[in-house]
file query14.txt (compact mmCIF, C-alpha atoms and all ligand atoms)
# COMPACT_ATOMS: atom_id res chain seq x y z
CA MET Q 1 101.77 78.14 125.76
CA PRO Q 2 105.10 78.78 123.98
CA SER Q 3 107.87 80.35 126.06
CA VAL Q 4 108.44 83.19 123.56
CA ILE Q 5 105.81 84.89 121.46
CA TYR Q 6 107.36 87.56 119.27
CA ASP Q 7 105.47 90.74 118.50
CA ILE Q 8 106.29 90.23 114.87
CA ALA Q 9 108.11 87.58 112.82
CA ILE Q 10 109.53 88.96 109.60
CA ILE Q 11 110.28 86.31 106.99
CA GLY Q 12 112.99 87.37 104.55
CA ALA Q 13 115.74 89.91 105.20
CA GLY Q 14 115.61 91.54 101.78
CA ALA Q 15 114.51 95.05 100.92
CA SER Q 16 110.99 94.81 102.32
CA GLY Q 17 111.80 92.73 105.41
CA LEU Q 18 114.58 95.07 106.49
CA GLN Q 19 112.54 98.19 105.77
CA LEU Q 20 109.78 96.81 107.97
CA LEU Q 21 112.29 95.88 110.66
CA TYR Q 22 113.67 99.42 110.64
CA GLU Q 23 110.28 101.13 110.72
CA SER Q 24 109.01 98.79 113.46
CA LEU Q 25 112.01 99.65 115.63
CA GLN Q 26 111.46 103.36 114.96
CA ALA Q 27 107.77 103.12 115.89
CA ASP Q 28 108.45 101.19 119.10
CA SER Q 29 108.76 104.18 121.43
CA LYS Q 30 108.71 102.02 124.60
CA LYS Q 31 111.60 99.89 123.27
CA GLU Q 32 109.84 96.71 124.31
CA MET Q 33 109.19 94.94 121.04
CA LYS Q 34 110.44 91.46 120.32
CA ILE Q 35 111.13 91.03 116.63
CA LEU Q 36 112.14 87.79 114.96
CA LEU Q 37 113.89 88.05 111.59
CA LEU Q 38 114.16 84.78 109.69
CA ASP Q 39 116.11 84.60 106.48
CA SER Q 40 117.65 82.01 104.21
CA GLY Q 41 120.87 84.05 104.05
CA ASP Q 42 120.75 84.16 100.26
CA ARG Q 43 121.33 87.81 99.40
CA SER Q 44 122.00 88.74 95.79
CA SER Q 45 123.49 92.14 94.88
CA LYS Q 46 121.13 94.78 93.57
CA SER Q 47 121.04 98.49 92.86
CA TRP Q 48 117.96 100.09 94.32
CA CYS Q 49 116.94 103.35 92.70
CA PHE Q 50 113.90 105.50 93.27
CA TRP Q 51 112.80 109.11 93.13
CA GLU Q 52 111.55 111.08 96.09
CA ASP Q 53 111.48 114.53 97.61
CA ASN Q 54 113.21 115.50 100.86
CA GLU Q 55 109.94 115.41 102.76
CA HIS Q 56 109.47 111.69 102.08
CA ALA Q 57 113.12 110.66 102.26
CA CYS Q 58 113.64 106.93 102.47
CA PHE Q 59 116.92 105.90 104.15
CA PRO Q 60 118.73 109.17 103.25
CA PHE Q 61 121.78 108.03 105.25
CA LEU Q 62 122.24 105.07 102.89
CA VAL Q 63 121.95 106.98 99.60
CA GLU Q 64 125.25 106.80 97.73
CA LYS Q 65 124.44 108.98 94.75
CA SER Q 66 121.66 111.42 93.85
CA TRP Q 67 120.74 113.05 90.59
CA ASP Q 68 118.42 115.99 90.02
CA LYS Q 69 118.63 115.83 86.24
CA MET Q 70 117.01 113.06 84.25
CA ALA Q 71 117.15 112.31 80.52
CA TYR Q 72 114.80 110.41 78.26
CA VAL Q 73 116.07 109.49 74.77
CA SER Q 74 113.44 108.78 72.13
CA ALA Q 75 113.49 106.06 69.49
CA LYS Q 76 114.61 108.76 67.03
CA GLY Q 77 117.51 109.75 69.28
CA LYS Q 78 116.02 113.01 70.61
CA THR Q 79 117.08 113.72 74.20
CA ILE Q 80 114.67 115.33 76.66
CA GLN Q 81 116.63 116.43 79.71
CA THR Q 82 114.74 117.71 82.76
CA ASP Q 83 115.67 119.20 86.11
CA ILE Q 84 113.44 117.09 88.36
CA SER Q 85 114.08 119.01 91.60
CA PRO Q 86 112.67 119.10 94.25
CA LEU Q 87 112.61 115.40 93.38
CA LYS Q 88 115.84 113.48 93.43
CA TYR Q 89 116.68 110.19 91.80
CA GLN Q 90 118.47 108.16 94.49
CA TYR Q 91 120.79 105.18 94.41
CA ILE Q 92 121.32 102.72 97.26
CA SER Q 93 123.44 99.64 96.67
CA SER Q 94 122.32 96.45 98.36
CA ASP Q 95 125.89 96.10 99.71
CA ARG Q 96 125.54 99.34 101.65
CA PHE Q 97 121.99 98.50 102.72
CA PHE Q 98 122.90 95.04 104.03
CA THR Q 99 126.10 96.26 105.70
CA TYR Q 100 124.11 98.82 107.64
CA PHE Q 101 121.52 96.30 108.80
CA PHE Q 102 123.72 93.29 109.50
CA ASN Q 103 126.85 95.03 110.83
CA GLU Q 104 125.44 98.14 112.49
CA LEU Q 105 121.76 97.97 113.39
CA ILE Q 106 120.86 94.36 114.16
CA PRO Q 107 123.91 93.37 116.30
CA HIS Q 108 123.32 96.40 118.54
CA ASP Q 109 119.59 96.13 119.09
CA GLN Q 110 118.49 93.52 121.61
CA ARG Q 111 114.91 93.69 120.41
CA VAL Q 112 115.89 91.80 117.26
CA THR Q 113 116.54 88.06 117.02
CA HIS Q 114 118.03 87.20 113.64
CA LEU Q 115 118.19 83.55 112.62
CA LYS Q 116 119.25 81.85 109.43
CA LYS Q 117 116.31 79.61 108.59
CA TRP Q 118 114.40 78.32 105.60
CA VAL Q 119 110.71 78.94 106.24
CA THR Q 120 108.30 76.41 104.76
CA ALA Q 121 104.89 77.57 106.01
CA THR Q 122 102.94 79.83 108.30
CA THR Q 123 99.73 79.03 110.17
CA GLU Q 124 97.31 81.48 111.66
CA ALA Q 125 95.37 81.06 114.91
CA SER Q 126 93.49 83.43 117.15
CA ALA Q 127 95.99 83.50 120.05
CA PHE Q 128 99.24 83.59 118.05
CA ASN Q 129 100.58 82.57 114.67
CA THR Q 130 103.21 79.99 113.85
CA VAL Q 131 106.19 79.98 111.49
CA HIS Q 132 107.41 76.53 110.42
CA CYS Q 133 110.96 75.91 109.22
CA ASP Q 134 112.42 73.07 107.16
CA ASP Q 135 114.58 71.88 110.09
CA GLY Q 136 111.46 71.28 112.19
CA ASP Q 137 111.78 74.44 114.27
CA THR Q 138 108.65 76.49 114.92
CA PHE Q 139 108.35 80.09 116.10
CA TYR Q 140 105.37 82.00 117.44
CA ALA Q 141 104.38 85.58 116.79
CA LYS Q 142 101.43 87.92 117.12
CA LYS Q 143 102.02 89.08 113.56
CA ILE Q 144 103.83 87.56 110.59
CA ALA Q 145 105.15 89.62 107.68
CA ASP Q 146 106.12 87.29 104.89
CA SER Q 147 108.32 88.26 101.91
CA ARG Q 148 108.91 84.76 100.53
CA PRO Q 149 108.39 84.97 96.78
CA LYS Q 150 105.54 83.04 95.22
CA LYS Q 151 106.79 79.64 94.03
CA SER Q 152 105.56 79.78 90.48
CA LEU Q 153 104.60 82.90 88.66
CA ASP Q 154 101.97 83.21 85.98
CA SER Q 155 103.49 82.42 82.59
CA LYS Q 156 101.36 85.20 81.11
CA LEU Q 157 103.17 87.85 83.17
CA ILE Q 158 105.35 90.49 81.60
CA TYR Q 159 108.91 90.49 82.92
CA GLN Q 160 111.43 93.23 83.13
CA HIS Q 161 114.77 91.57 82.49
CA PHE Q 162 117.99 93.48 82.77
CA SER Q 163 121.57 92.84 81.99
CA GLY Q 164 124.04 95.55 82.87
CA LYS Q 165 127.62 96.34 83.69
CA PHE Q 166 129.38 98.76 85.99
CA ILE Q 167 132.09 100.22 83.78
CA ASP Q 168 134.97 102.65 84.08
CA PHE Q 169 135.85 104.73 81.02
CA VAL Q 170 139.50 105.61 80.48
CA GLN Q 171 138.60 109.25 79.72
CA PRO Q 172 136.14 111.47 81.67
CA ILE Q 173 133.29 111.47 79.16
CA LEU Q 174 130.13 111.27 81.28
CA ASP Q 175 127.86 113.99 82.63
CA GLU Q 176 127.56 112.69 86.18
CA SER Q 177 124.76 115.11 87.03
CA CYS Q 178 122.20 113.47 84.73
CA LEU Q 179 120.94 109.90 84.65
CA THR Q 180 119.21 108.38 81.65
CA LEU Q 181 115.96 106.73 82.66
CA MET Q 182 115.23 105.28 79.24
CA ASP Q 183 117.13 105.40 75.97
CA PHE Q 184 115.14 103.82 73.15
CA SER Q 185 117.50 105.04 70.43
CA LEU Q 186 118.95 101.62 69.69
CA ALA Q 187 116.21 100.22 67.47
CA ALA Q 188 116.25 96.74 69.00
CA SER Q 189 112.60 96.40 70.09
CA THR Q 190 110.47 93.72 68.44
CA LYS Q 191 106.87 92.50 68.62
CA GLU Q 192 107.85 90.47 71.67
CA MET Q 193 110.40 92.70 73.41
CA ALA Q 194 110.56 96.41 74.20
CA ILE Q 195 114.21 97.26 74.75
CA PHE Q 196 115.83 100.36 76.19
CA HIS Q 197 119.03 101.32 77.98
CA TYR Q 198 119.34 102.76 81.46
CA ILE Q 199 122.42 104.74 82.51
CA LEU Q 200 123.49 105.75 85.99
CA PRO Q 201 126.67 107.87 85.79
CA PHE Q 202 128.40 107.80 89.19
CA SER Q 203 131.29 110.01 88.11
CA GLN Q 204 132.73 111.33 84.85
CA THR Q 205 134.17 107.88 84.17
CA LYS Q 206 132.09 105.33 86.14
CA ALA Q 207 128.59 104.22 85.22
CA LEU Q 208 126.10 101.42 85.37
CA ILE Q 209 124.74 100.80 81.87
CA GLU Q 210 121.89 98.33 81.58
CA THR Q 211 120.03 96.73 78.73
CA THR Q 212 116.43 96.53 79.93
CA VAL Q 213 113.84 94.31 78.28
CA PHE Q 214 110.07 94.14 78.77
CA THR Q 215 108.88 90.77 77.52
CA GLN Q 216 106.92 87.62 78.26
CA LEU Q 217 109.85 85.52 77.06
CA PRO Q 218 112.35 83.93 79.43
CA TYR Q 219 115.66 85.63 80.26
CA ASP Q 220 118.07 85.37 77.33
CA ALA Q 221 121.54 86.19 78.65
CA GLN Q 222 123.31 85.74 75.33
CA ALA Q 223 120.91 87.96 73.38
CA TYR Q 224 121.02 90.74 76.01
CA GLU Q 225 124.80 90.61 76.12
CA ALA Q 226 124.91 91.07 72.34
CA ILE Q 227 122.45 94.01 72.51
CA TRP Q 228 124.50 95.61 75.32
CA HIS Q 229 127.67 95.44 73.20
CA THR Q 230 125.88 96.85 70.16
CA TYR Q 231 124.65 99.76 72.28
CA MET Q 232 128.13 100.40 73.63
CA ASP Q 233 129.75 100.18 70.17
CA THR Q 234 127.28 102.66 68.70
CA HIS Q 235 126.83 105.04 71.65
CA TYR Q 236 130.07 104.79 73.65
CA PRO Q 237 132.93 103.74 71.36
CA GLN Q 238 135.46 105.10 73.91
CA PRO Q 239 137.64 102.56 75.78
CA TYR Q 240 136.38 101.30 79.14
CA GLN Q 241 136.91 98.53 81.67
CA VAL Q 242 134.15 96.34 83.07
CA ILE Q 243 134.14 96.42 86.88
CA SER Q 244 131.20 94.11 87.59
CA THR Q 245 127.90 92.95 86.16
CA GLU Q 246 124.30 93.14 87.33
CA GLU Q 247 121.43 91.11 86.04
CA GLY Q 248 117.95 90.31 87.22
CA THR Q 249 114.29 89.91 86.50
CA ILE Q 250 111.31 91.73 87.94
CA PRO Q 251 107.82 90.26 87.44
CA MET Q 252 105.41 93.02 86.43
CA GLY Q 253 101.72 92.96 87.15
CA PHE Q 254 101.68 90.34 89.87
CA HIS Q 255 99.20 90.88 92.70
CA ALA Q 256 99.42 89.22 96.08
CA ASP Q 257 96.92 86.85 97.64
CA THR Q 258 94.59 88.22 100.27
CA ASN Q 259 96.23 89.14 103.55
CA THR Q 260 94.77 88.94 107.00
CA GLU Q 261 95.32 91.55 109.68
CA ASN Q 262 98.01 89.51 111.42
CA VAL Q 263 99.57 87.42 108.66
CA PHE Q 264 100.40 89.39 105.57
CA LYS Q 265 102.70 89.52 102.57
CA ILE Q 266 105.20 92.30 102.10
CA GLY Q 267 107.54 93.36 99.30
CA ALA Q 268 107.38 91.78 95.86
CA ALA Q 269 105.29 88.94 97.33
CA GLY Q 270 102.83 91.54 98.64
CA GLY Q 271 102.30 93.04 95.17
CA PHE Q 272 104.33 96.17 95.94
CA ILE Q 273 106.19 96.16 92.64
CA LYS Q 274 104.61 98.84 90.47
CA ALA Q 275 103.12 96.72 87.72
CA SER Q 276 104.01 98.95 84.81
CA THR Q 277 107.52 100.04 85.81
CA GLY Q 278 109.06 97.46 88.15
CA TYR Q 279 109.89 100.09 90.79
CA ALA Q 280 109.18 98.95 94.34
CA PHE Q 281 111.57 100.48 96.86
CA THR Q 282 109.53 103.51 97.94
CA ARG Q 283 106.23 101.58 97.80
CA MET Q 284 107.67 98.92 100.09
CA HIS Q 285 108.94 101.67 102.35
CA GLN Q 286 105.53 103.31 102.57
CA ASP Q 287 104.03 99.92 103.37
CA ALA Q 288 106.68 99.40 106.08
CA VAL Q 289 105.79 102.76 107.65
CA ASN Q 290 102.08 101.87 107.52
CA ARG Q 291 102.54 98.35 108.88
CA ALA Q 292 104.71 99.62 111.72
CA GLN Q 293 101.73 101.77 112.68
CA ASN Q 294 99.30 98.88 112.25
CA ARG Q 295 97.72 100.28 109.09
CA PRO Q 296 97.41 98.37 105.83
CA THR Q 297 98.54 100.16 102.68
CA HIS Q 298 95.87 101.29 100.30
CA ILE Q 299 96.73 101.92 96.65
CA PRO Q 300 93.80 103.57 94.83
CA ARG Q 301 92.27 101.13 92.34
CA ARG Q 302 92.52 103.55 89.44
CA PHE Q 303 96.33 103.29 89.52
CA ARG Q 304 96.11 99.51 89.19
CA PHE Q 305 93.76 100.10 86.25
CA TYR Q 306 96.29 102.41 84.49
CA ASP Q 307 99.01 99.80 85.07
CA GLN Q 308 96.80 97.08 83.60
CA MET Q 309 96.16 99.19 80.50
CA LEU Q 310 99.86 99.61 79.85
CA LEU Q 311 100.50 95.92 80.50
CA LYS Q 312 97.76 94.99 78.01
CA ILE Q 313 99.45 97.09 75.34
CA MET Q 314 102.74 95.41 76.20
CA LYS Q 315 101.18 91.97 75.88
CA ASN Q 316 99.57 92.65 72.56
CA GLU Q 317 101.67 95.31 70.85
CA MET Q 318 105.07 95.34 72.53
CA ASN Q 319 106.68 96.97 69.50
CA ARG Q 320 104.57 100.09 70.11
CA ILE Q 321 106.02 100.71 73.58
CA PRO Q 322 108.85 102.98 72.35
CA GLU Q 323 106.22 105.06 70.53
CA VAL Q 324 103.98 105.21 73.64
CA MET Q 325 106.93 106.35 75.77
CA ASP Q 326 108.11 108.90 73.17
CA ARG Q 327 104.68 110.44 73.08
CA LEU Q 328 104.42 110.49 76.86
CA PHE Q 329 107.82 112.10 77.49
CA SER Q 330 107.53 114.60 74.64
CA ARG Q 331 104.10 115.85 75.72
CA VAL Q 332 104.07 115.55 79.49
CA PRO Q 333 106.61 117.17 81.85
CA THR Q 334 108.90 114.51 83.33
CA LYS Q 335 108.12 115.59 86.89
CA ARG Q 336 104.41 114.98 86.28
CA ILE Q 337 105.18 111.54 84.79
CA LEU Q 338 107.20 110.63 87.90
CA GLN Q 339 104.39 111.83 90.14
CA PHE Q 340 101.93 109.74 88.10
CA LEU Q 341 104.14 106.64 88.30
CA ASP Q 342 104.27 107.15 92.08
CA ASP Q 343 100.45 107.08 92.22
CA LYS Q 344 100.51 110.64 93.55
CA THR Q 345 98.58 112.54 90.89
CA THR Q 346 95.01 113.75 91.20
CA LEU Q 347 92.27 112.42 88.94
CA GLY Q 348 92.23 115.73 87.04
CA GLN Q 349 95.99 115.54 86.43
CA GLU Q 350 95.64 111.93 85.27
CA ILE Q 351 92.92 112.82 82.78
CA ARG Q 352 95.08 115.60 81.33
CA LEU Q 353 98.08 113.25 81.17
CA LEU Q 354 96.19 110.37 79.56
CA ALA Q 355 94.66 112.76 77.03
CA GLN Q 356 98.17 113.29 75.66
CA LEU Q 357 98.53 109.61 74.78
CA ASP Q 358 97.39 107.68 71.73
CA ILE Q 359 93.72 107.45 72.77
CA PRO Q 360 92.62 104.91 70.07
CA LEU Q 361 95.46 102.58 71.11
CA PHE Q 362 94.45 102.74 74.78
CA LEU Q 363 90.73 102.39 74.02
CA LYS Q 364 91.39 99.35 71.85
CA HIS Q 365 93.05 97.60 74.79
CA LEU Q 366 90.61 98.93 77.35
CA PHE Q 367 87.83 96.83 75.82
CA ARG Q 368 89.93 93.77 75.00
C1 LIG Q 401 118.19 92.95 90.17
C2 LIG Q 401 117.02 93.79 90.65
C3 LIG Q 401 117.13 95.18 90.69
C4 LIG Q 401 116.06 95.95 91.17
N1 LIG Q 401 116.18 97.31 91.17
C5 LIG Q 401 115.17 98.05 91.65
C6 LIG Q 401 115.29 99.47 91.69
O1 LIG Q 401 116.28 100.06 91.24
N2 LIG Q 401 114.29 100.19 92.24
C7 LIG Q 401 113.17 99.60 92.74
O2 LIG Q 401 112.30 100.31 93.25
N3 LIG Q 401 113.00 98.26 92.68
C8 LIG Q 401 113.97 97.48 92.15
N4 LIG Q 401 113.82 96.11 92.10
C9 LIG Q 401 112.54 95.54 92.53
C10 LIG Q 401 112.45 95.31 94.06
O3 LIG Q 401 112.77 96.51 94.74
C11 LIG Q 401 113.39 94.22 94.52
O4 LIG Q 401 113.07 93.01 93.89
C12 LIG Q 401 113.37 94.02 96.03
O5 LIG Q 401 114.54 93.33 96.39
C13 LIG Q 401 112.13 93.26 96.49
O6 LIG Q 401 112.21 93.16 97.88
P1 LIG Q 401 111.62 91.89 98.64
O7 LIG Q 401 111.87 92.10 100.07
O8 LIG Q 401 110.25 91.62 98.20
O9 LIG Q 401 112.48 90.66 98.10
P2 LIG Q 401 114.02 90.36 98.35
O10 LIG Q 401 114.80 91.61 98.47
O11 LIG Q 401 114.39 89.39 97.28
O12 LIG Q 401 114.04 89.64 99.76
C14 LIG Q 401 113.43 88.39 100.01
C15 LIG Q 401 114.25 87.69 101.09
O13 LIG Q 401 113.55 86.51 101.50
C16 LIG Q 401 114.48 85.45 101.64
N5 LIG Q 401 113.73 84.21 101.47
C17 LIG Q 401 113.11 83.76 100.36
N6 LIG Q 401 112.49 82.59 100.61
C18 LIG Q 401 112.73 82.30 101.92
C19 LIG Q 401 112.34 81.24 102.77
N7 LIG Q 401 111.57 80.24 102.34
N8 LIG Q 401 112.76 81.26 104.06
C20 LIG Q 401 113.53 82.28 104.54
N9 LIG Q 401 113.91 83.32 103.76
C21 LIG Q 401 113.52 83.34 102.48
C22 LIG Q 401 115.50 85.70 100.55
O14 LIG Q 401 116.73 85.08 100.84
C23 LIG Q 401 115.61 87.24 100.59
O15 LIG Q 401 116.61 87.65 101.52
C24 LIG Q 401 114.86 95.32 91.61
C25 LIG Q 401 114.76 93.93 91.53
C26 LIG Q 401 115.81 93.17 91.03
C27 LIG Q 401 115.63 91.67 90.93

call {"tool": "encode", "arguments": {"input": "query14.txt", "output": "structure tokens", "more": "lines below"}}
Ligand SMILES: Cc1cc2nc3c(=O)[nH]c(=O)nc-3n(C[C@H](O)[C@H](O)[C@H](O)COP(=O)(O)OP(=O)(O)OC[C@H]3O[C@@H](n4cnc5c(N)ncnc54)[C@H](O)[C@@H]3O)c2cc1C
result
Amino acid sequence: MPSVIYDIAIIGAGASGLQLLYESLQADSKKEMKILLLDSGDRSSKSWCFWEDNEHACFPFLVEKSWDKMAYVSAKGKTIQTDISPLKYQYISSDRFFTYFFNELIPHDQRVTHLKKWVTATTEASAFNTVHCDDGDTFYAKKIADSRPKKSLDSKLIYQHFSGKFIDFVQPILDESCLTLMDFSLAASTKEMAIFHYILPFSQTKALIETTVFTQLPYDAQAYEAIWHTYMDTHYPQPYQVISTEEGTIPMGFHADTNTENVFKIGAAGGFIKASTGYAFTRMHQDAVNRAQNRPTHIPRRFRFYDQMLLKIMKNEMNRIPEVMDRLFSRVPTKRILQFLDDKTTLGQEIRLLAQLDIPLFLKHLFR
């Protein structure tokens, strides 16, 4: 019998692993849990954004900026600006998130053992489960939550690539109360890539402006850089300074392998990235809350079906995505779209929403 059997071993101290750590500590009213956190130590910078209402607030003490106005800009340049309250669009930087966990929470909570390790495998057995590391170490736990990404992803997946910059304009030109979720007005989309720009204004001068690309093609840093500069030249000719850059890729439409009750995948590896949008933060949080209470997370199948429909259109007619989005945002209130993308609408609301879309286009791909 091993000398220590942890209640849970969490593999990966990224967004999902740390959310689960936090929620497990919160749920442990007797303060007796033993949690093992194993991580490679490789932590890249990210901006995590999500929308939520106050009732379902997710790490409110880490939110650095909130917006209650959201804009959508159509391919023809028409802006639809909406007050999304009581929802808020929230921004948490990974720097703030990691600082909280690694400098404040973990060092002061004796229930947590945090080790820098590269995990190679897990094995499940009836008494306890085992985590194997590349240095030969093994650890034992009643449960294992694993956020290691899948080694190779399906080449048929759609990816959301983004290439952005945090910039500081010389003059105060931005409306810091309104973020732009999607701006399709730069006509850069092609049969293989749907391209839009995403703008988070942090103040009247500072913003994150990102070129976002849905495609099956690999990341093309040079091409995205050129598109970003064209967007800036045409939309923001005012002088600015680049503070830092952010780039990344989110696989869309990937579903996790089957979990067991005691050894399960979390985060991106667990299929918690919303297939059609790439958003994951609040879904991973809901899963963390559920897992901490020993419940699996159930996402109704019909939402996976809607995601698959949109992904099929992307795969076959990517150049029509700006048109699909224009139609959606011009006919359906933004708040309802956000609720739909959060899998929180009722079937009746979904039917009314889908009826506003290009039905022949969706039917064509439904039967493909
Ligand atoms: C650049 C970027 C921006 C994003 N922005 C948003 C956003 O605004 N809103 C949103 O909702 N979603 C966003 N996402 C999607 C999603 O929220 C993130 O990808 C999120 O980080 C996924 O969390 P995770 O825990 O699954 O993976 P990660 O956060 O990547 O964490 C995985 C951890 O596991 C560790 N690890 C990996 N392999 C091993 C191993 N073998 N042994 C030990 N440790 C290992 C890694 O070092 C890492 O610390 C973004 C994704 C990217 C890439």

call {"tool": "closest_atom_pairs", "arguments": {"input": "query14.txt", "of": "range 86-141 of chain Q", "to": "range 20-42 of chain Q", "cutoff": "9 Å", "atoms": "all atoms listed in the file", "output": "CSV"}}
result
residue,atom,partner,partner_atom,distance
Q:Phe101,CA,Q:Tyr22,CA,8.6
Q:Leu105,CA,Q:Tyr22,CA,8.7
Q:Gln110,CA,Q:Lys34,CA,8.4
Q:Arg111,CA,Q:Lys34,CA,5.0
Q:Val112,CA,Q:Ile35,CA,4.9
Q:Thr113,CA,Q:Leu36,CA,4.9
Q:His114,CA,Q:Leu37,CA,4.7
Q:Leu115,CA,Q:Leu38,CA,5.1
Q:Lys116,CA,Q:Asp39,CA,5.1
Q:Lys117,CA,Q:Ser40,CA,5.2
Q:Trp118,CA,Q:Ser40,CA,5.1
Q:Val119,CA,Q:Leu38,CA,7.6
Q:Phe139,CA,Q:Leu36,CA,8.7
Q:Ala141,CA,Q:Leu36,CA,8.3

call {"tool": "residues_near_ligand", "arguments": {"input": "query14.txt", "ligand": "ligand LIG 401 (chain Q)", "cutoff": "7 Å", "atoms": "all atoms listed in the file", "output": "PyMOL selection string"}}
result
chain Q and resi 11-17+38-43+46-50+117-120+147-149+246-250+266-269+273+278-282

call {"tool": "residues_around", "arguments": {"input": "query14.txt", "residues": "Ala207 in chain Q", "least_positions_apart": "5", "cutoff": "10 Å", "atoms": "all atoms listed in the file", "output": "PDB file with C-alpha atoms, in the frame of the given file"}}
result
ATOM      1  CA  LYS Q 165     127.620  96.340  83.690  1.00  0.00           C
ATOM      2  CA  PHE Q 166     129.380  98.760  85.990  1.00  0.00           C
ATOM      3  CA  ILE Q 167     132.090 100.220  83.780  1.00  0.00           C
ATOM      4  CA  ASP Q 168     134.970 102.650  84.080  1.00  0.00           C
ATOM      5  CA  PHE Q 169     135.850 104.730  81.020  1.00  0.00           C
ATOM      6  CA  LEU Q 174     130.130 111.270  81.280  1.00  0.00           C
ATOM      7  CA  GLU Q 176     127.560 112.690  86.180  1.00  0.00           C
ATOM      8  CA  LEU Q 179     120.940 109.900  84.650  1.00  0.00           C
ATOM      9  CA  ILE Q 199     122.420 104.740  82.510  1.00  0.00           C
ATOM     10  CA  LEU Q 200     123.490 105.750  85.990  1.00  0.00           C
ATOM     11  CA  PRO Q 201     126.670 107.870  85.790  1.00  0.00           C
ATOM     12  CA  PHE Q 202     128.400 107.800  89.190  1.00  0.00           C
ATOM     13  CA  VAL Q 242     134.150  96.340  83.070  1.00  0.00           C
ATOM     14  CA  ILE Q 243     134.140  96.420  86.880  1.00  0.00           C
TER      15      ILE Q 243
END

call {"tool": "atom_distance", "arguments": {"input": "query14.txt", "atom1": "CA of Met1 in chain Q", "atom2": "CA of Ala121 in chain Q"}}
result
20.0 Å

call {"tool": "closest_residue", "arguments": {"input": "query14.txt", "among": "Q:Leu186, Q:Ile351, Q:Val63, Q:Val4", "to": "Ser94 in chain Q", "atoms": "all atoms listed in the file"}}
result
Q:Val63

call {"tool": "closest_residue", "arguments": {"input": "query14.txt", "among": "Q:Asn54, Q:Gln81, Q:Asn290, Q:Thr215", "to": "Asn319 in chain Q", "atoms": "only C-alpha atoms"}}
result
Q:Thr215

call {"tool": "closest_residue", "arguments": {"input": "query14.txt", "among": "Q:Gln286, Q:Ser45, Q:Gln241, Q:Gln308", "to": "Thr99 in chain Q", "atoms": "only C-alpha atoms"}}
result
Q:Ser45

call {"tool": "residues_around", "arguments": {"input": "query14.txt", "residues": "Asp307 in chain Q", "least_positions_apart": "5", "cutoff": "9 Å", "atoms": "all atoms listed in the file", "output": "short mmCIF file (atom, residue, chain, number, x, y, z; two decimals) with C-alpha atoms, in the frame of the given file"}}
result
data_model
loop_
_atom_site.label_atom_id
_atom_site.label_comp_id
_atom_site.auth_asym_id
_atom_site.auth_seq_id
_atom_site.Cartn_x
_atom_site.Cartn_y
_atom_site.Cartn_z
CA GLY Q 253 101.72 92.96 87.15
CA LYS Q 274 104.61 98.84 90.47
CA ALA Q 275 103.12 96.72 87.72
CA SER Q 276 104.01 98.95 84.81
CA THR Q 277 107.52 100.04 85.81
CA ARG Q 302 92.52 103.55 89.44
CA LYS Q 312 97.76 94.99 78.01
#

call {"tool": "atom_distance", "arguments": {"input": "query14.txt", "atom1": "CA of Val289 in chain Q", "atom2": "CA of Gln19 in chain Q"}}
result
8.4 Å

call {"tool": "atom_distance", "arguments": {"input": "query14.txt", "atom1": "CA of Pro239 in chain Q", "atom2": "CA of Lys206 in chain Q"}}
result
12.1 Å

call {"tool": "closest_residue", "arguments": {"input": "query14.txt", "among": "Q:Thr211, Q:Ser330, Q:Thr122, Q:Thr82", "to": "Gly164 in chain Q", "atoms": "all atoms listed in the file"}}
result
Q:Thr211

call {"tool": "residues_around", "arguments": {"input": "query14.txt", "residues": "Glu210 in chain Q", "least_positions_apart": "2", "cutoff": "8 Å", "atoms": "all atoms listed in the file", "output": "list in words"}}
result
Phe162, Ser163, Gly164, Lys165, His197, Tyr198, Ile199, Leu208, Thr212 and Trp228 of chain Q

call {"tool": "decode", "arguments": {"input": "query14.txt", "residues": "range 189-203 of chain Q", "atoms": "C-alpha atoms", "output": "PDB file, in the first residue's frame"}}
result
ATOM      1  CA  SER Q 189     -12.110  36.128 -45.798  1.00  0.00           C
ATOM      2  CA  THR Q 190     -11.586  33.473 -48.470  1.00  0.00           C
ATOM      3  CA  LYS Q 191     -12.943  30.014 -49.277  1.00  0.00           C
ATOM      4  CA  GLU Q 192     -10.483  28.601 -46.755  1.00  0.00           C
ATOM      5  CA  MET Q 193     -10.392  31.271 -44.053  1.00  0.00           C
ATOM      6  CA  ALA Q 194     -13.041  33.338 -42.283  1.00  0.00           C
ATOM      7  CA  ILE Q 195     -11.299  36.391 -40.864  1.00  0.00           C
ATOM      8  CA  PHE Q 196     -12.489  38.979 -38.378  1.00  0.00           C
ATOM      9  CA  HIS Q 197     -11.006  41.378 -35.845  1.00  0.00           C
ATOM     10  CA  TYR Q 198     -11.583  41.377 -32.109  1.00  0.00           C
ATOM     11  CA  ILE Q 199     -11.020  44.506 -30.030  1.00  0.00           C
ATOM     12  CA  LEU Q 200     -10.783  44.829 -26.263  1.00  0.00           C
ATOM     13  CA  PRO Q 201     -10.376  48.506 -25.310  1.00  0.00           C
ATOM     14  CA  PHE Q 202      -8.900  48.696 -21.794  1.00  0.00           C
ATOM     15  CA  SER Q 203      -8.833  52.496 -21.699  1.00  0.00           C
TER      16      SER Q 203
END
